[in-house]
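Everything below belongs to start_19.cif, which stores mmCIF, C-alpha atoms.
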```
data_work
#
loop_
_atom_site.label_atom_id
_atom_site.label_comp_id
_atom_site.auth_asym_id
_atom_site.auth_seq_id
_atom_site.Cartn_x
_atom_site.Cartn_y
_atom_site.Cartn_z
CA MET A 1 175.17 134.10 89.22
CA VAL A 2 175.29 135.85 85.87
CA ASP A 3 173.12 134.66 82.99
CA TRP A 4 174.20 135.59 79.49
CA PHE A 5 171.66 135.90 76.73
CA ILE A 6 172.95 136.32 73.25
CA ASP A 7 170.62 138.36 71.10
CA VAL A 8 171.46 136.42 67.95
CA PRO A 9 169.51 138.60 65.51
CA HIS A 10 171.25 141.69 66.90
CA LEU A 11 174.68 140.07 66.49
CA ILE A 12 173.94 139.21 62.86
CA LYS A 13 172.84 142.79 62.16
CA CYS A 14 175.92 144.21 63.92
CA THR A 15 178.20 141.91 61.92
CA ARG A 16 176.58 142.94 58.64
CA ASN A 17 176.65 146.65 59.56
CA HIS A 18 180.32 146.47 60.54
CA PHE A 19 181.08 144.77 57.25
CA LEU A 20 179.09 147.41 55.34
CA HIS A 21 181.08 150.18 56.99
CA HIS A 22 184.56 148.68 56.65
CA LYS A 23 184.05 146.57 53.47
CA ILE A 24 186.78 144.20 54.65
CA ALA A 25 187.28 141.87 57.61
CA GLN A 26 189.65 139.21 58.88
CA PHE A 27 188.40 135.66 59.33
CA ALA A 28 190.53 132.65 60.29
CA GLY A 29 193.67 134.37 59.05
CA HIS A 30 192.14 135.33 55.71
CA THR A 31 190.65 138.52 54.32
CA VAL A 32 186.92 138.66 53.64
CA TYR A 33 185.53 141.24 51.21
CA HIS A 34 182.03 142.76 51.02
CA MET A 35 182.57 143.34 47.29
CA PHE A 36 181.89 139.65 46.61
CA TYR A 37 178.31 140.06 47.85
CA GLN A 38 178.00 143.10 45.60
CA ARG A 39 179.29 141.08 42.66
CA VAL A 40 176.76 138.30 43.26
CA PHE A 41 174.00 140.92 43.30
CA GLU A 42 175.25 142.61 40.10
CA HIS A 43 175.72 139.27 38.36
CA GLN A 44 172.16 138.25 39.19
CA ARG A 45 170.77 141.61 38.11
CA LEU A 46 172.56 141.71 34.78
CA LEU A 47 172.04 138.09 33.77
CA GLY A 48 168.66 137.49 35.37
CA LEU A 49 169.99 134.53 37.36
CA LYS A 50 168.56 133.79 40.78
CA LEU A 51 171.34 131.99 42.62
CA VAL A 52 170.27 133.82 45.78
CA PRO A 53 166.49 134.08 45.30
CA LYS A 54 165.70 136.78 47.88
CA LEU A 55 168.72 138.98 47.15
CA LYS A 56 167.75 142.62 46.54
CA LEU A 57 169.42 146.00 46.56
CA ALA A 58 168.42 146.41 50.23
CA HIS A 59 170.62 143.44 51.16
CA ILE A 60 173.73 145.03 49.66
CA TRP A 61 173.14 148.74 50.34
CA PRO A 62 170.47 148.97 53.06
CA SER A 63 168.98 152.28 54.21
CA THR A 64 169.27 153.30 57.86
CA TRP A 65 165.96 151.59 58.66
CA GLN A 66 166.82 148.50 56.60
CA ARG A 67 170.06 148.09 58.58
CA MET A 68 167.85 147.18 61.55
CA THR A 69 165.95 144.49 59.63
CA VAL A 70 167.02 141.02 60.72
CA SER A 71 165.80 139.25 57.59
CA LEU A 72 167.98 141.37 55.31
CA ALA A 73 171.07 140.46 57.33
CA THR A 74 170.28 136.76 57.65
CA GLN A 75 169.38 136.44 53.97
CA LEU A 76 172.71 138.01 53.00
CA TYR A 77 174.57 135.45 55.12
CA SER A 78 172.58 132.50 53.81
CA LYS A 79 173.55 129.08 52.52
CA HIS A 80 172.30 130.26 49.10
CA MET A 81 174.85 133.09 49.15
CA ALA A 82 177.65 130.72 50.17
CA MET A 83 176.70 128.32 47.37
CA ALA A 84 176.47 131.21 44.86
CA LEU A 85 179.96 132.42 45.78
CA LYS A 86 181.36 128.93 45.25
CA PHE A 87 179.48 128.40 41.98
CA LEU A 88 180.54 131.75 40.51
CA ARG A 89 184.16 131.25 41.62
CA GLU A 90 184.27 127.81 39.95
CA ASP A 91 182.45 128.88 36.75
CA LYS A 92 184.98 129.66 34.01
CA LYS A 93 183.00 132.70 32.85
CA THR A 94 182.97 134.38 36.27
CA ALA A 95 185.99 132.90 38.03
CA HIS A 96 188.06 136.06 37.53
CA LEU A 97 185.42 138.13 39.38
CA PHE A 98 185.30 135.77 42.37
CA ASN A 99 188.96 134.82 42.68
CA GLY A 100 189.81 134.97 46.40
CA SER A 101 186.21 134.60 47.62
CA GLU A 102 186.87 131.34 49.50
CA ALA A 103 187.10 133.05 52.91
CA THR A 104 183.96 135.08 52.21
CA GLU A 105 182.14 131.86 51.31
CA LYS A 106 183.34 130.12 54.49
CA LEU A 107 182.41 133.07 56.71
CA THR A 108 178.97 133.27 55.09
CA LYS A 109 178.36 129.57 55.71
CA LEU A 110 179.62 129.84 59.30
CA ILE A 111 177.32 132.79 60.06
CA ASN A 112 174.36 130.96 58.49
CA ASP A 113 174.99 127.76 60.44
CA THR A 114 175.68 129.60 63.72
CA PHE A 115 172.49 131.62 63.35
CA ASP A 116 170.49 128.45 62.75
CA ILE A 117 171.91 126.81 65.88
CA LEU A 118 171.68 129.79 68.23
CA ASN A 119 168.30 130.89 66.94
CA GLY A 120 166.79 127.62 68.09
CA ARG A 121 166.53 125.67 64.86
CA HIS A 122 168.67 122.88 66.25
CA LYS A 123 168.22 120.96 69.49
CA ASP A 124 171.49 122.31 70.97
CA GLY A 125 170.32 125.87 70.39
CA TRP A 126 167.02 125.05 72.06
CA ARG A 127 168.83 123.53 75.04
CA LEU A 128 171.01 126.61 75.48
CA SER A 129 168.05 128.99 75.24
CA ILE A 130 165.79 126.92 77.48
CA ARG A 131 168.46 126.40 80.16
CA SER A 132 169.29 130.12 80.27
CA THR A 133 165.61 131.04 80.40
CA ILE A 134 164.91 128.57 83.22
CA ASP A 135 167.90 129.73 85.24
CA LEU A 136 167.06 133.41 84.98
CA THR A 137 163.33 132.84 85.57
CA GLU A 138 164.06 130.78 88.71
CA GLU A 139 166.35 133.51 89.98
CA LEU A 140 163.68 136.19 89.41
CA LEU A 141 160.84 134.14 90.94
CA ASN A 142 162.88 132.82 93.89
CA PRO A 143 165.50 135.48 94.74
CA LYS A 144 167.72 135.39 97.80
CA ASN A 145 166.21 138.71 98.89
CA PRO A 146 162.39 138.30 99.13
CA LEU A 147 161.92 142.03 98.36
CA GLU A 148 163.29 141.44 94.86
CA LYS A 149 160.76 138.71 94.04
CA TYR A 150 158.80 138.80 90.79
CA HIS A 151 155.38 137.17 90.54
CA PHE A 152 155.67 136.34 86.86
CA VAL A 153 158.23 136.66 84.07
CA LEU A 154 157.47 137.60 80.46
CA THR A 155 160.31 136.54 78.17
CA ALA A 156 159.01 137.67 74.77
CA LYS A 157 160.95 140.93 74.83
CA TRP A 158 164.31 139.58 75.99
CA ASN A 159 166.06 141.16 73.01
CA GLN A 160 166.99 144.61 71.73
CA ASP A 161 164.36 145.00 69.03
CA ALA A 162 162.03 147.28 71.02
CA LEU A 163 164.92 149.56 71.97
CA GLU A 164 166.13 149.75 68.35
CA VAL A 165 162.67 150.64 67.05
CA TYR A 166 162.32 153.35 69.73
CA ILE A 167 165.71 154.89 68.91
CA CYS A 168 165.04 154.78 65.19
CA LYS A 169 161.70 156.56 65.66
CA LYS A 170 163.43 159.25 67.71
CA LYS A 171 166.10 159.67 65.02
CA LYS A 172 163.46 159.51 62.28
CA CYS A 173 165.27 156.73 60.40
CA LYS A 174 164.23 156.05 56.81
#
```

Now that the file is in, can you turn its structure into structure tokens?
Amino acid sequence: MVDWFIDVPHLIKCTRNHFLHHKIAQFAGHTVYHMFYQRVFEHQRLLGLKLVPKLKLAHIWPSTWQRMTVSLATQLYSKHMAMALKFLREDKKTAHLFNGSEATEKLTKLINDTFDILNGRHKDGWRLSIRSTIDLTEELLNPKNPLEKYHFVLTAKWNQDALEVYICKKKKCK
């Protein structure tokens, strides 16, 4: 039996970092552009609007260390960002800057909603996580080979965060 655990925070960071590197992606047959996030940031900065309240420079152009910060990735792909993209595209004053941002808005909303479900904020996400945890724990506590038996299982570190912090310290990330 193989149990699959999706490290949701890591996937969100990888998605954001891929997008930062390539600046463009394909989603549902449409092109998605990172520049729309940049434009939301610039628009907020210049006009003093707060359509995306937590949006900072680190969300758009993160340092090496900031690229490993889950909150910066999840806040970029937030419902506030999706709503800001739609609002700015539909506003006559800014429509020309956000023309073609529909796919970016949809992808942002999809990532936000998927993160909420898989990160355990919805009952289906909890069911998936709990079932996987129970299955793997039972397999570790009651293995077919008695020599492979564990006496207890600690699940708090079933993600990649500790490994990322270790690697970053070795590389002296900023």

Hey, which bits of segment 23-44 of chain A sit within 12 Å of segment 83-96 of chain A, and for each residue what's the closest pair of atoms and how far apart in Å (one decimal), counting all atoms listed in the file, rows by chain and increasing number, as CSV?
```
residue,atom,partner,partner_atom,distance
A:Tyr33,CA,A:Leu85,CA,11.8
A:His34,CA,A:Leu85,CA,11.8
A:Met35,CA,A:Leu85,CA,11.3
A:Phe36,CA,A:Leu85,CA,7.5
A:Tyr37,CA,A:Leu85,CA,8.1
A:Gln38,CA,A:Leu85,CA,10.9
A:Arg39,CA,A:Leu85,CA,9.2
A:Val40,CA,A:Leu85,CA,7.2
A:Phe41,CA,A:Ala84,CA,10.1
A:Glu42,CA,A:Thr94,CA,11.9
A:His43,CA,A:Thr94,CA,9.0
A:Gln44,CA,A:Ala84,CA,10.0
```

Taking the file as shown, find all residues satisfying the PyMOL selection byres ((chain A and resi 60-76) around 9) and write them as a short mmCIF file (atom, residue, chain, number, x, y, z; two decimals) with C-alpha atoms, in the coordinates of the input.
```cif
data_model
loop_
_atom_site.label_atom_id
_atom_site.label_comp_id
_atom_site.auth_asym_id
_atom_site.auth_seq_id
_atom_site.Cartn_x
_atom_site.Cartn_y
_atom_site.Cartn_z
CA PRO A 9 169.51 138.60 65.51
CA HIS A 10 171.25 141.69 66.90
CA ILE A 12 173.94 139.21 62.86
CA LYS A 13 172.84 142.79 62.16
CA CYS A 14 175.92 144.21 63.92
CA THR A 15 178.20 141.91 61.92
CA ARG A 16 176.58 142.94 58.64
CA ASN A 17 176.65 146.65 59.56
CA LEU A 20 179.09 147.41 55.34
CA HIS A 34 182.03 142.76 51.02
CA TYR A 37 178.31 140.06 47.85
CA GLN A 38 178.00 143.10 45.60
CA PHE A 41 174.00 140.92 43.30
CA VAL A 52 170.27 133.82 45.78
CA LYS A 54 165.70 136.78 47.88
CA LEU A 55 168.72 138.98 47.15
CA LYS A 56 167.75 142.62 46.54
CA LEU A 57 169.42 146.00 46.56
CA ALA A 58 168.42 146.41 50.23
CA HIS A 59 170.62 143.44 51.16
CA TYR A 77 174.57 135.45 55.12
CA SER A 78 172.58 132.50 53.81
CA LYS A 79 173.55 129.08 52.52
CA HIS A 80 172.30 130.26 49.10
CA MET A 81 174.85 133.09 49.15
CA THR A 108 178.97 133.27 55.09
CA ILE A 111 177.32 132.79 60.06
CA ASN A 112 174.36 130.96 58.49
CA PHE A 115 172.49 131.62 63.35
CA ASP A 161 164.36 145.00 69.03
CA GLU A 164 166.13 149.75 68.35
CA VAL A 165 162.67 150.64 67.05
CA CYS A 168 165.04 154.78 65.19
CA CYS A 173 165.27 156.73 60.40
CA LYS A 174 164.23 156.05 56.81
#
```

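Between atom CA of Gly48 of chain A and atom CA of Asp116 of chain A there is a distance of 28.9 Å.
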
Query raised in the report: Quick one: which residues end up in the PyMOL selection byres ((chain A and resi 30) around 12) for this structure, as a ChimeraX atom specification?
Result: /A:24-29,31-33,100-107

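Distance-wise, atom CA of Leu47 of chain A and atom CA of Ala82 of chain A end up 18.8 Å apart.
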
Report task. For atom CA of Tyr150 of chain A and atom CA of Ile167 of chain A, determine how far apart the two atoms are, in Å to one decimal place. Result ->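 Atom-to-atom, atom CA of Tyr150 of chain A and atom CA of Ile167 of chain A are spaced 28.0 Å apart.
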